[in-house]
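J.: Provided herewith is a single structure, encoded as structure tokens, for subsequent inquiry.
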Protein chains: 2
Amino acid sequence: MLDVMLDMGKMARRAAHQLAKMRSEPKRLALENMAGALKRERQAIEAANQKDIEAAREKGLSGAKLDRLVLSDKVLNEMMAGLREVAALPDPVGEITRMWTRPNGLQVGRMRIPLGVIGIVYESRPNVTVDAGALCIKAGNAVILRGGSEAFHSNRCLASILQQSLRDSGLPGESLQLVGTTDRQAVLDMLQLEEHIDVMIPRGGEELIRFVTANARMPVLKHYKGVCHVYVDREADQSMAIPIVLNSKVQRPGVCNAMETLLVHEDIAEYFLPEMAALFNREGVELRGCPRTRELIPECAPATEEDWYAEYLDLVLAVRVVRSMDEAIDHITQYGSQHTEAIVTRHIRRAHRFVQEVQSSLVLVNASTRFNDGFQLGLGAEIGISTSRLHAFGPMGVEELTTTKFIAFGDGQLRS
Amino acid sequence: MLDVMLDMGKMARRAAHQLAKMRSEPKRLALENMAGALKRERQAIEAANQKDIEAAREKGLSGAKLDRLVLSDKVLNEMMAGLREVAALPDPVGEITRMWTRPNGLQVGRMRIPLGVIGIVYESRPNVTVDAGALCIKAGNAVILRGGSEAFHSNRCLASILQQSLRDSGLPGESLQLVGTTDRQAVLDMLQLEEHIDVMIPRGGEELIRFVTANARMPVLKHYKGVCHVYVDREADQSMAIPIVLNSKVQRPGVCNAMETLLVHEDIAEYFLPEMAALFNREGVELRGCPRTRELIPECAPATEEDWYAEYLDLVLAVRVVRSMDEAIDHITQYGSQHTEAIVTRHIRRAHRFVQEVQSSLVLVNASTRFNDGFQLGLGAEIGISTSRLHAFGPMGVEELTTTKFIAFGDGQLRS
């Protein structure tokens with residue numbers, strides 16, 4: 001198995017060398033062609049997907065787990081639209097991000113280049129094969145994909161269509177490879193290939209991410225969880241705070257950038273919290289509060305220590321009254337996951353202090369936590385949100401799939 | 001042992017939270033004070049260093065290995081000058097690197113923040129304790145240092161002086177901690193602390209780096225080796241090529257950015273190589289060449305396949321005649337270590353193609369490979385040169401010890 005994986009790694013490395021030299025236009029065209037190929041091969045994709053769905057039903061999967069597998073017309077159309085969007089993004093490769101001249105006349109700069117070979121390990125959704133594959137190729141990287149066993153036939157069908165389309169477009173077919181087995185040993189083997197895979201991106205549950213992190217010899221870009229906070233400051237405009245807090249919690253409670261804990265300054269809690277509680281009640285949000293919160297909202301359940309750490313991903317919210325902004329920041333530092341935090345305040349110095357002192361991947365002033373997303377922040381497509389700090393922190397777009405090298409132009413400079 | 005290390009990690013994390021909030025001036029002053037403290041405690045440092053030197057002599061160490069240990073007046077003065085230089089560098093933390101406005105009016109930007117906690121594992125040189133520690137603190141990071149057993153007393157003395165100086169300057173003393181033992185288990189324990197150490201930087205031989213990479217759960221910034229090339233193009237100005245080639249090899253042959261393989265276009269090899277060989281002969285450089293090289297330089301030894309991969313770090317050079325720039329680039333891709341490559345050419349399109357297609361951390365045109373160094377490229381001090389692509393590729397200065405978070409200023413924006 002290790003041999004098979006090693007061969008894939010070597011082929012990916014060769015493909016990456018070729019991709020790195022390519023100009024933007026052939027890459028753009030290849031991505032357009034990939035969308036066309038998916039459209040043409042729609043029947044084959046549906047047939048492969050049907051096999052996975054039947055196997056899943058036999059294994060007793062249902063509900064959300066089964067839904068995630070289904071490549072409906074809607075999902076297929078979204079995949080094609082996604083490919084065309086990625087095709088249309090500006091090519092980050094070759095950009096000279098800065099250039100300066102040294103006292104000896106040497107002109108030094110930094111040029112954006114692909115990362116090389118990216119490994120992606122993911123669970124059930126087969127659309128990752130297309131979405132993540134496209135972003136990697138846009139940034140000039142080769143990609144090795146290892147999907148979950150539930151989506152095996154779908155992934156194999158999608159990957160072979162994309163490979164053929166890449167070849168037809170004059171790009172190396174090995175730019176996108178799918179691992180042919182779904183046993184865990186294949187992942188372990190993949191994680192040893194530090195010479196051939198430059199970075200791993202696990203996409204899935206915490207268990208998968210911890211497994212990859214513990215075993216990988218190469219760097220891992222990862223997203224653990226989002227325990228996001230909104231802090232309603234003493235100086236908040238309450239008419240602005242209410243919709244922001246509500247939107248952060250209920251607009252889509254099951255995602256990582258939804259608010260999980262509300263922090264309210266004690267000076268305004270008396271008026272703010274009962275009004276907020278009435279609105280949450282109407283939306284079916286269950287509240288779990290600190291003692292002061294429970295004085296103001298009698299029907300609120302008590303929050304335990306675990307509640308402050310919880311990523312509910314549901315219509316449940318922890319609420320705490322704080323005596324100061326410092327207490328709010330300390331709470332976020334202690335219990336948060338460095339994902340997304342927002343402050344609502346009218347006071348510019350307090351806003352700026354919050355922005356400077358909170359070390360999360362996105363810190364917002366007077367806006368909903370739900371904006372922590374590559375599309376919403378203007379990065380174009382995203383391959384995930386990193387909650388670790390190295391290389392990328394926060395949403396990762398096509399630029400985060402590149403690095404920079406130094407370049408220098410001289411006229412005979414020597415070191416003395 | 002794991003408990004001790006875990007406590008260090010927790011203390012480092014707390015210190016990092018405090019450091020991240022600090023303005024530039026107290027950090028600058030603390031670094032200045034550290035230089036003053038080393039000066040005041042010079043006698044204590046020399047006494048501790050003497051213990052290490054005696055122990056090393058007893059163990060039979062001599063030559064370069066012993067030299068590396070010695071904290072002479074010159075080394076101490078360099079350490080103090082280094083601290084003052086780092087103190088004077090601009091503070092990267094808080095810089096807003098970009099800012100843009102979304103269609104909904106949300107102003108989105110990226111702000112530079114510290115990485116958090118940095119772990120450094122190094123071998124004999126005790127000056128790393130000061131040099132690397134200072135750079136980490138400048139960028140607002142806490143640092144956990146683990147030096148080699150040979151420099152144990154020196155490191156312990158230096159670290160305690162720096163810690164006291166940090167406290168005297170109002171910074172947390174735990175911003176800089178030294179692991180109290182030098183057994184390998186301590187390193188293994190350190191490498192498990194992914195919650196408390198954000199990145200590891202091993203500094204030393206390849207064996208140490210591979211050990212850290214294989215066992216670390218957190219990302220590793222590493223430098224394997226420098227197999228650097230100069231390619232003398234068909235269109236080279238030979239009067240420029242000769243000093244560049246000579247400087248790249250002999251100015252300091254024992255370092256990672258010295259040239260190890262010379263590639264020469266066949267059209268000019270006949271004139272260029274014999275002249276070059278005479279100069280190398282005068283400098284005592286041993287040549288190992290391809291068959292064509294040996295036709296032109298009869299006294300040249302044959303190069304084996306291993307020579308193309310070799311990092312000699314010595315007055316030895318592999319030489320190969322190539323038929324085209326593509327062959328040169330392919331050679332670099334196959335045998336190089338992605339460290340530093342230079343082209344000598346007068347032809348702008350050939351220069352630009354080389355710069356675009358060679359994927360090394362520094363690609364130079366018409367200048368010596370010896371410029372791949374943080375000071376030479378204008379980054380100020382450097383903590384090392386990364387040959388892996390994630391986060392930093394090439395010399396790492398104080399900016400590479402930071403990351404960016406997203407910030408967003410709104411006036412009530414909600415996600416719909």
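Note on naming: chains are A, B, ... as they come in the structure tokens, residues start from 1 per chain, ligands start from 1 in the order shown.
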List the spatial neighbours of Gly204 in chain A as a CSV table (one decimal) with N, CA and C atoms, in the first residue's frame - criterion: any atom at most 8 Å away, only C-alpha atoms, same-chain residues fewer than 5 positions off excluded.

T.:
chain,number,residue,atom,x,y,z
A,122,TYR,N,-11.1,13.7,3.5
A,122,TYR,CA,-12.4,14.2,3.8
A,122,TYR,C,-13.4,13.1,4.1
A,123,GLU,N,-14.6,13.4,4.6
A,123,GLU,CA,-15.5,12.4,4.9
A,123,GLU,C,-16.6,12.2,3.9
A,209,ILE,N,-9.6,15.0,12.3
A,209,ILE,CA,-8.6,16.0,12.3
A,209,ILE,C,-7.5,15.7,13.3

J.: How close does chain B get to chain A? List, as a tab-separated table, each residue of chain B within 6 Å, its nearest atom pair and the distance in Å to one decimal, counting only C-alpha atoms.

T.:
residue	atom	partner	partner_atom	distance
B:Lys21	CA	A:Glu357	CA	5.5
B:Thr213	CA	A:Arg217	CA	5.8
B:Ala214	CA	A:Arg217	CA	5.3
B:Arg217	CA	A:Ala214	CA	5.3
B:Pro219	CA	A:Pro219	CA	5.1
B:Met240	CA	A:Gly412	CA	5.7
B:Glu357	CA	A:Lys21	CA	5.5
B:Ser361	CA	A:Lys405	CA	4.8
B:Leu362	CA	A:Phe406	CA	4.5
B:Val363	CA	A:Ile407	CA	4.9
B:Leu364	CA	A:Ala408	CA	4.7
B:Val365	CA	A:Phe409	CA	4.8
B:Asn366	CA	A:Gly410	CA	5.0
B:Ala367	CA	A:Gln413	CA	4.8
B:Ser368	CA	A:Leu414	CA	5.3
B:Leu390	CA	A:His391	CA	5.8
B:His391	CA	A:His391	CA	3.7
B:Lys405	CA	A:Ser361	CA	4.8
B:Phe406	CA	A:Leu362	CA	4.5
B:Ile407	CA	A:Val363	CA	4.9
B:Ala408	CA	A:Leu364	CA	4.7
B:Phe409	CA	A:Val365	CA	4.8
B:Gly410	CA	A:Asn366	CA	5.0
B:Asp411	CA	A:Asn366	CA	5.3
B:Gly412	CA	A:Ala367	CA	5.0
B:Gln413	CA	A:Ala367	CA	4.8
B:Leu414	CA	A:Ser368	CA	5.4

J.: Using only C-alpha atoms, determine which residues lie at most 12 Å from Leu66 in chain B, disregarding the query and same-chain residues fewer than 3 positions distant; provide the list as a PyMOL selection string.

T.: chain B and resi 49-50+52-63+69-72+124-126+150-151

J.: Would you export the selected residues with C-alpha atoms as a CSV table (one decimal), in the first residue's frame, please?

T.:
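And here is the file that came out, result.csv:
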chain,number,residue,atom,x,y,z
B,49,ASN,CA,30.4,28.7,30.0
B,50,GLN,CA,33.7,27.6,31.5
B,52,ASP,CA,30.5,23.6,29.7
B,53,ILE,CA,33.9,23.9,28.1
B,54,GLU,CA,35.6,21.8,30.7
B,55,ALA,CA,32.9,19.1,30.5
B,56,ALA,CA,33.3,19.2,26.7
B,57,ARG,CA,37.0,18.8,26.9
B,58,GLU,CA,36.6,15.9,29.3
B,59,LYS,CA,34.3,14.3,26.7
B,60,GLY,CA,37.0,14.7,24.1
B,61,LEU,CA,35.4,17.5,22.1
B,62,SER,CA,37.7,19.7,20.1
B,63,GLY,CA,38.0,21.9,17.0
B,69,LEU,CA,30.4,26.4,22.6
B,70,VAL,CA,32.7,29.2,23.6
B,71,LEU,CA,31.1,32.5,24.6
B,72,SER,CA,34.2,34.6,24.0
B,124,SER,CA,25.5,23.3,20.7
B,125,ARG,CA,25.6,27.1,20.1
B,126,PRO,CA,24.5,28.9,23.3
B,150,GLU,CA,26.9,20.5,25.8
B,151,ALA,CA,25.8,24.1,26.4

J.: Just how far from CA of Leu193 in chain B is CA of Ser386 in chain A, in Å to one decimal?

T.: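 CA of Leu193 in chain B lies 18.5 Å from CA of Ser386 in chain A.
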
J.: Any idea what's packed within 9 Å of range 279-290 of chain A, counting only C-alpha atoms, ignoring anything in its chain fewer than 2 positions away? Could you give it as a list of chain:residue names?

T.: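 Residues near the query, excluding close chain neighbours: A:Ile242, A:Leu246, A:Lys249, A:Val250, A:Pro274, A:Glu275, A:Met276, A:Ala277, A:Arg292, A:Thr293, A:Arg294, A:Glu295, A:Ile297, A:Glu299, A:Cys300, A:Ala301, A:Pro302, A:Ala303, A:Thr304, A:Asp307, A:Asp314, A:Leu315, A:Val316, A:Leu317, A:Ala318, A:Val319, A:Arg320, A:Val321.
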
J.: Compile the contact shell of Ser165 in chain B as a list in words: residues with an atom at most 8 Å away, counting only C-alpha atoms, same-chain residues fewer than 6 positions apart removed.

T.: Ala30, Asn33, Met34 and Ala37 of chain B

J.: Dump N, CA and C atoms for the selected residues as a PDB file, in the first residue's frame?

T.:
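Saved result, result-v1.pdb, follows:
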ATOM      1  N   ALA B  30      12.532  46.322  26.751  1.00  0.00           N
ATOM      2  CA  ALA B  30      12.930  45.053  27.381  1.00  0.00           C
ATOM      3  C   ALA B  30      14.121  44.442  26.656  1.00  0.00           C
ATOM      4  N   ASN B  33      17.139  46.349  27.578  1.00  0.00           N
ATOM      5  CA  ASN B  33      17.541  45.980  28.941  1.00  0.00           C
ATOM      6  C   ASN B  33      18.224  44.620  28.990  1.00  0.00           C
ATOM      7  N   MET B  34      17.779  43.717  28.128  1.00  0.00           N
ATOM      8  CA  MET B  34      18.398  42.394  28.091  1.00  0.00           C
ATOM      9  C   MET B  34      19.869  42.512  27.703  1.00  0.00           C
ATOM     10  N   ALA B  37      21.704  43.694  30.704  1.00  0.00           N
ATOM     11  CA  ALA B  37      21.835  42.646  31.722  1.00  0.00           C
ATOM     12  C   ALA B  37      22.954  41.672  31.366  1.00  0.00           C
TER      13      ALA B  37
END

J.: Fewer than 4 positions away in the same chain doesn't count, so skip those; otherwise give me all residues within 10 Å of Arg146 in chain A, counting only C-alpha atoms, as JSON, numbers by chain.

T.: {"A": [119, 120, 121, 122, 123, 129, 152, 155, 177, 178, 179, 180, 181, 182, 183, 186, 187, 190, 202]}

J.: Given the selection you just returned, output its residues as a file containing N, CA and C atoms, formatted as a PDB file, in the first residue's frame.

T.:
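Result written to result30.pdb:
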ATOM      1  N   GLY A 119      -2.585  17.438   0.063  1.00  0.00           N
ATOM      2  CA  GLY A 119      -3.368  16.240   0.369  1.00  0.00           C
ATOM      3  C   GLY A 119      -4.636  16.634   1.099  1.00  0.00           C
ATOM      4  N   ILE A 120      -5.758  16.103   0.657  1.00  0.00           N
ATOM      5  CA  ILE A 120      -7.024  16.421   1.328  1.00  0.00           C
ATOM      6  C   ILE A 120      -7.693  15.115   1.741  1.00  0.00           C
ATOM      7  N   VAL A 121      -7.996  15.001   3.029  1.00  0.00           N
ATOM      8  CA  VAL A 121      -8.712  13.831   3.548  1.00  0.00           C
ATOM      9  C   VAL A 121     -10.063  14.324   4.017  1.00  0.00           C
ATOM     10  N   TYR A 122     -11.120  13.715   3.517  1.00  0.00           N
ATOM     11  CA  TYR A 122     -12.448  14.223   3.850  1.00  0.00           C
ATOM     12  C   TYR A 122     -13.402  13.070   4.064  1.00  0.00           C
ATOM     13  N   GLU A 123     -14.594  13.421   4.571  1.00  0.00           N
ATOM     14  CA  GLU A 123     -15.536  12.380   4.929  1.00  0.00           C
ATOM     15  C   GLU A 123     -16.605  12.237   3.853  1.00  0.00           C
ATOM     16  N   THR A 129     -14.577  16.611  -3.648  1.00  0.00           N
ATOM     17  CA  THR A 129     -13.701  16.148  -4.722  1.00  0.00           C
ATOM     18  C   THR A 129     -13.560  17.223  -5.801  1.00  0.00           C
ATOM     19  N   PHE A 152     -17.532   6.421  -2.026  1.00  0.00           N
ATOM     20  CA  PHE A 152     -16.455   5.856  -2.829  1.00  0.00           C
ATOM     21  C   PHE A 152     -16.743   5.875  -4.335  1.00  0.00           C
ATOM     22  N   ASN A 155     -17.030   9.494  -5.730  1.00  0.00           N
ATOM     23  CA  ASN A 155     -15.726  10.149  -5.817  1.00  0.00           C
ATOM     24  C   ASN A 155     -14.898   9.598  -6.976  1.00  0.00           C
ATOM     25  N   GLN A 177      -5.532  13.404  -8.222  1.00  0.00           N
ATOM     26  CA  GLN A 177      -5.583  11.961  -8.048  1.00  0.00           C
ATOM     27  C   GLN A 177      -6.455  11.624  -6.841  1.00  0.00           C
ATOM     28  N   LEU A 178      -7.157  10.511  -6.973  1.00  0.00           N
ATOM     29  CA  LEU A 178      -7.980  10.032  -5.857  1.00  0.00           C
ATOM     30  C   LEU A 178      -7.376   8.737  -5.333  1.00  0.00           C
ATOM     31  N   VAL A 179      -7.214   8.637  -4.020  1.00  0.00           N
ATOM     32  CA  VAL A 179      -6.712   7.402  -3.426  1.00  0.00           C
ATOM     33  C   VAL A 179      -7.759   6.309  -3.656  1.00  0.00           C
ATOM     34  N   GLY A 180      -7.290   5.156  -4.163  1.00  0.00           N
ATOM     35  CA  GLY A 180      -8.207   4.131  -4.621  1.00  0.00           C
ATOM     36  C   GLY A 180      -8.820   3.252  -3.545  1.00  0.00           C
ATOM     37  N   THR A 181      -8.400   3.401  -2.305  1.00  0.00           N
ATOM     38  CA  THR A 181      -9.011   2.598  -1.235  1.00  0.00           C
ATOM     39  C   THR A 181      -9.439   3.527  -0.122  1.00  0.00           C
ATOM     40  N   THR A 182     -10.307   3.017   0.726  1.00  0.00           N
ATOM     41  CA  THR A 182     -10.806   3.883   1.794  1.00  0.00           C
ATOM     42  C   THR A 182     -10.463   3.341   3.173  1.00  0.00           C
ATOM     43  N   ASP A 183      -9.469   2.442   3.260  1.00  0.00           N
ATOM     44  CA  ASP A 183      -9.082   2.007   4.608  1.00  0.00           C
ATOM     45  C   ASP A 183      -8.162   3.037   5.248  1.00  0.00           C
ATOM     46  N   ALA A 186      -4.390   3.617   4.325  1.00  0.00           N
ATOM     47  CA  ALA A 186      -4.046   4.489   3.202  1.00  0.00           C
ATOM     48  C   ALA A 186      -3.783   5.911   3.691  1.00  0.00           C
ATOM     49  N   VAL A 187      -4.568   6.357   4.660  1.00  0.00           N
ATOM     50  CA  VAL A 187      -4.345   7.700   5.217  1.00  0.00           C
ATOM     51  C   VAL A 187      -3.014   7.739   5.951  1.00  0.00           C
ATOM     52  N   MET A 190      -0.264   7.944   3.532  1.00  0.00           N
ATOM     53  CA  MET A 190      -0.249   9.280   2.938  1.00  0.00           C
ATOM     54  C   MET A 190       0.471  10.265   3.868  1.00  0.00           C
ATOM     55  N   PRO A 202      -7.251  18.193   6.407  1.00  0.00           N
ATOM     56  CA  PRO A 202      -8.338  17.273   6.748  1.00  0.00           C
ATOM     57  C   PRO A 202      -9.649  18.051   6.837  1.00  0.00           C
TER      58      PRO A 202
END

J.: Counting only C-alpha atoms, what is within 12 Å of Ser175 in chain A, bar same-chain residues fewer than 6 positions away, as a ChimeraX atom specification?

T.: /A:8-20,27,30,116-119,133-145,159-160,162-167,169

J.: Tell me, which residues of range 368-416 of chain B carry DSSP strand (DSSP E), written as a list in words?

T.: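 Of range 368-416 of chain B, the ones in strand (DSSP E) are Gly384, Ile385, Ser386, Gly394, Pro395, Met396, Thr402, Thr403, Thr404, Lys405, Phe406, Ile407, Ala408, Phe409, Gly410, Asp411, Gly412 and Gln413 of chain B.
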
J.: What does the distance from CA of His229 in chain A to CA of Met200 in chain B come to in Å, to one decimal?

T.: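 These atoms are spaced 29.6 Å apart.
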
J.: Which distance in Å separates CA of Glu327 in chain B and CA of Thr261 in chain B, to one decimal?

T.: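 Between CA of Glu327 in chain B and CA of Thr261 in chain B the gap works out to 13.9 Å.
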
J.: Would you list, as a VMD selection string, the residues of range 309-390 of chain B that end up in alpha helix (DSSP H) under DSSP run on this structure's backbone?

T.: chain B and resid 309 325 to 335 348 to 357 374 to 377

J.: Dump N, CA and C atoms for the selected residues as an mmCIF file, in the first residue's frame?

T.:
data_model
loop_
_atom_site.group_PDB
_atom_site.id
_atom_site.type_symbol
_atom_site.label_atom_id
_atom_site.label_comp_id
_atom_site.auth_asym_id
_atom_site.auth_seq_id
_atom_site.Cartn_x
_atom_site.Cartn_y
_atom_site.Cartn_z
ATOM 1 N N TYR B 309 23.457 15.193 -5.740
ATOM 2 C CA TYR B 309 22.618 15.413 -4.551
ATOM 3 C C TYR B 309 23.408 16.005 -3.379
ATOM 4 N N MET B 325 18.678 25.668 -21.161
ATOM 5 C CA MET B 325 18.205 26.139 -19.870
ATOM 6 C C MET B 325 17.206 25.148 -19.295
ATOM 7 N N ASP B 326 16.383 24.546 -20.156
ATOM 8 C CA ASP B 326 15.427 23.552 -19.641
ATOM 9 C C ASP B 326 16.144 22.404 -18.942
ATOM 10 N N GLU B 327 17.272 21.969 -19.540
ATOM 11 C CA GLU B 327 18.012 20.888 -18.898
ATOM 12 C C GLU B 327 18.559 21.339 -17.542
ATOM 13 N N ALA B 328 18.988 22.600 -17.470
ATOM 14 C CA ALA B 328 19.471 23.137 -16.190
ATOM 15 C C ALA B 328 18.344 23.147 -15.158
ATOM 16 N N ILE B 329 17.172 23.620 -15.584
ATOM 17 C CA ILE B 329 16.036 23.695 -14.644
ATOM 18 C C ILE B 329 15.617 22.296 -14.209
ATOM 19 N N ASP B 330 15.597 21.359 -15.168
ATOM 20 C CA ASP B 330 15.242 19.983 -14.806
ATOM 21 C C ASP B 330 16.241 19.394 -13.809
ATOM 22 N N HIS B 331 17.538 19.693 -14.023
ATOM 23 C CA HIS B 331 18.551 19.205 -13.074
ATOM 24 C C HIS B 331 18.280 19.766 -11.679
ATOM 25 N N ILE B 332 18.019 21.059 -11.622
ATOM 26 C CA ILE B 332 17.758 21.711 -10.326
ATOM 27 C C ILE B 332 16.525 21.102 -9.661
ATOM 28 N N THR B 333 15.479 20.860 -10.456
ATOM 29 C CA THR B 333 14.248 20.285 -9.911
ATOM 30 C C THR B 333 14.514 18.893 -9.351
ATOM 31 N N GLN B 334 15.314 18.116 -10.095
ATOM 32 C CA GLN B 334 15.535 16.739 -9.673
ATOM 33 C C GLN B 334 16.488 16.613 -8.486
ATOM 34 N N TYR B 335 17.581 17.378 -8.501
ATOM 35 C CA TYR B 335 18.621 17.150 -7.499
ATOM 36 C C TYR B 335 18.678 18.229 -6.412
ATOM 37 N N ILE B 348 17.096 39.178 -20.979
ATOM 38 C CA ILE B 348 16.042 39.425 -19.987
ATOM 39 C C ILE B 348 14.963 38.347 -20.017
ATOM 40 N N ARG B 349 14.592 37.880 -21.205
ATOM 41 C CA ARG B 349 13.526 36.875 -21.239
ATOM 42 C C ARG B 349 13.985 35.567 -20.630
ATOM 43 N N ARG B 350 15.260 35.234 -20.860
ATOM 44 C CA ARG B 350 15.780 33.999 -20.258
ATOM 45 C C ARG B 350 15.879 34.161 -18.737
ATOM 46 N N ALA B 351 16.274 35.336 -18.284
ATOM 47 C CA ALA B 351 16.340 35.599 -16.841
ATOM 48 C C ALA B 351 14.954 35.441 -16.216
ATOM 49 N N HIS B 352 13.957 36.060 -16.838
ATOM 50 C CA HIS B 352 12.615 36.006 -16.253
ATOM 51 C C HIS B 352 12.039 34.597 -16.282
ATOM 52 N N ARG B 353 12.350 33.863 -17.350
ATOM 53 C CA ARG B 353 11.838 32.499 -17.400
ATOM 54 C C ARG B 353 12.459 31.652 -16.280
ATOM 55 N N PHE B 354 13.767 31.824 -16.071
ATOM 56 C CA PHE B 354 14.445 31.087 -14.994
ATOM 57 C C PHE B 354 13.807 31.425 -13.642
ATOM 58 N N VAL B 355 13.579 32.720 -13.414
ATOM 59 C CA VAL B 355 12.986 33.172 -12.137
ATOM 60 C C VAL B 355 11.596 32.570 -11.957
ATOM 61 N N GLN B 356 10.828 32.502 -13.045
ATOM 62 C CA GLN B 356 9.477 31.986 -12.901
ATOM 63 C C GLN B 356 9.450 30.469 -12.727
ATOM 64 N N GLU B 357 10.347 29.776 -13.388
ATOM 65 C CA GLU B 357 10.238 28.312 -13.426
ATOM 66 C C GLU B 357 11.015 27.587 -12.333
ATOM 67 N N GLY B 374 18.786 36.520 5.789
ATOM 68 C CA GLY B 374 17.840 37.560 6.209
ATOM 69 C C GLY B 374 18.432 38.962 6.235
ATOM 70 N N PHE B 375 19.672 39.095 6.732
ATOM 71 C CA PHE B 375 20.305 40.410 6.770
ATOM 72 C C PHE B 375 20.552 40.928 5.361
ATOM 73 N N GLN B 376 21.102 40.062 4.500
ATOM 74 C CA GLN B 376 21.472 40.473 3.146
ATOM 75 C C GLN B 376 20.262 40.865 2.314
ATOM 76 N N LEU B 377 19.131 40.193 2.555
ATOM 77 C CA LEU B 377 17.935 40.496 1.756
ATOM 78 C C LEU B 377 17.131 41.643 2.359
#
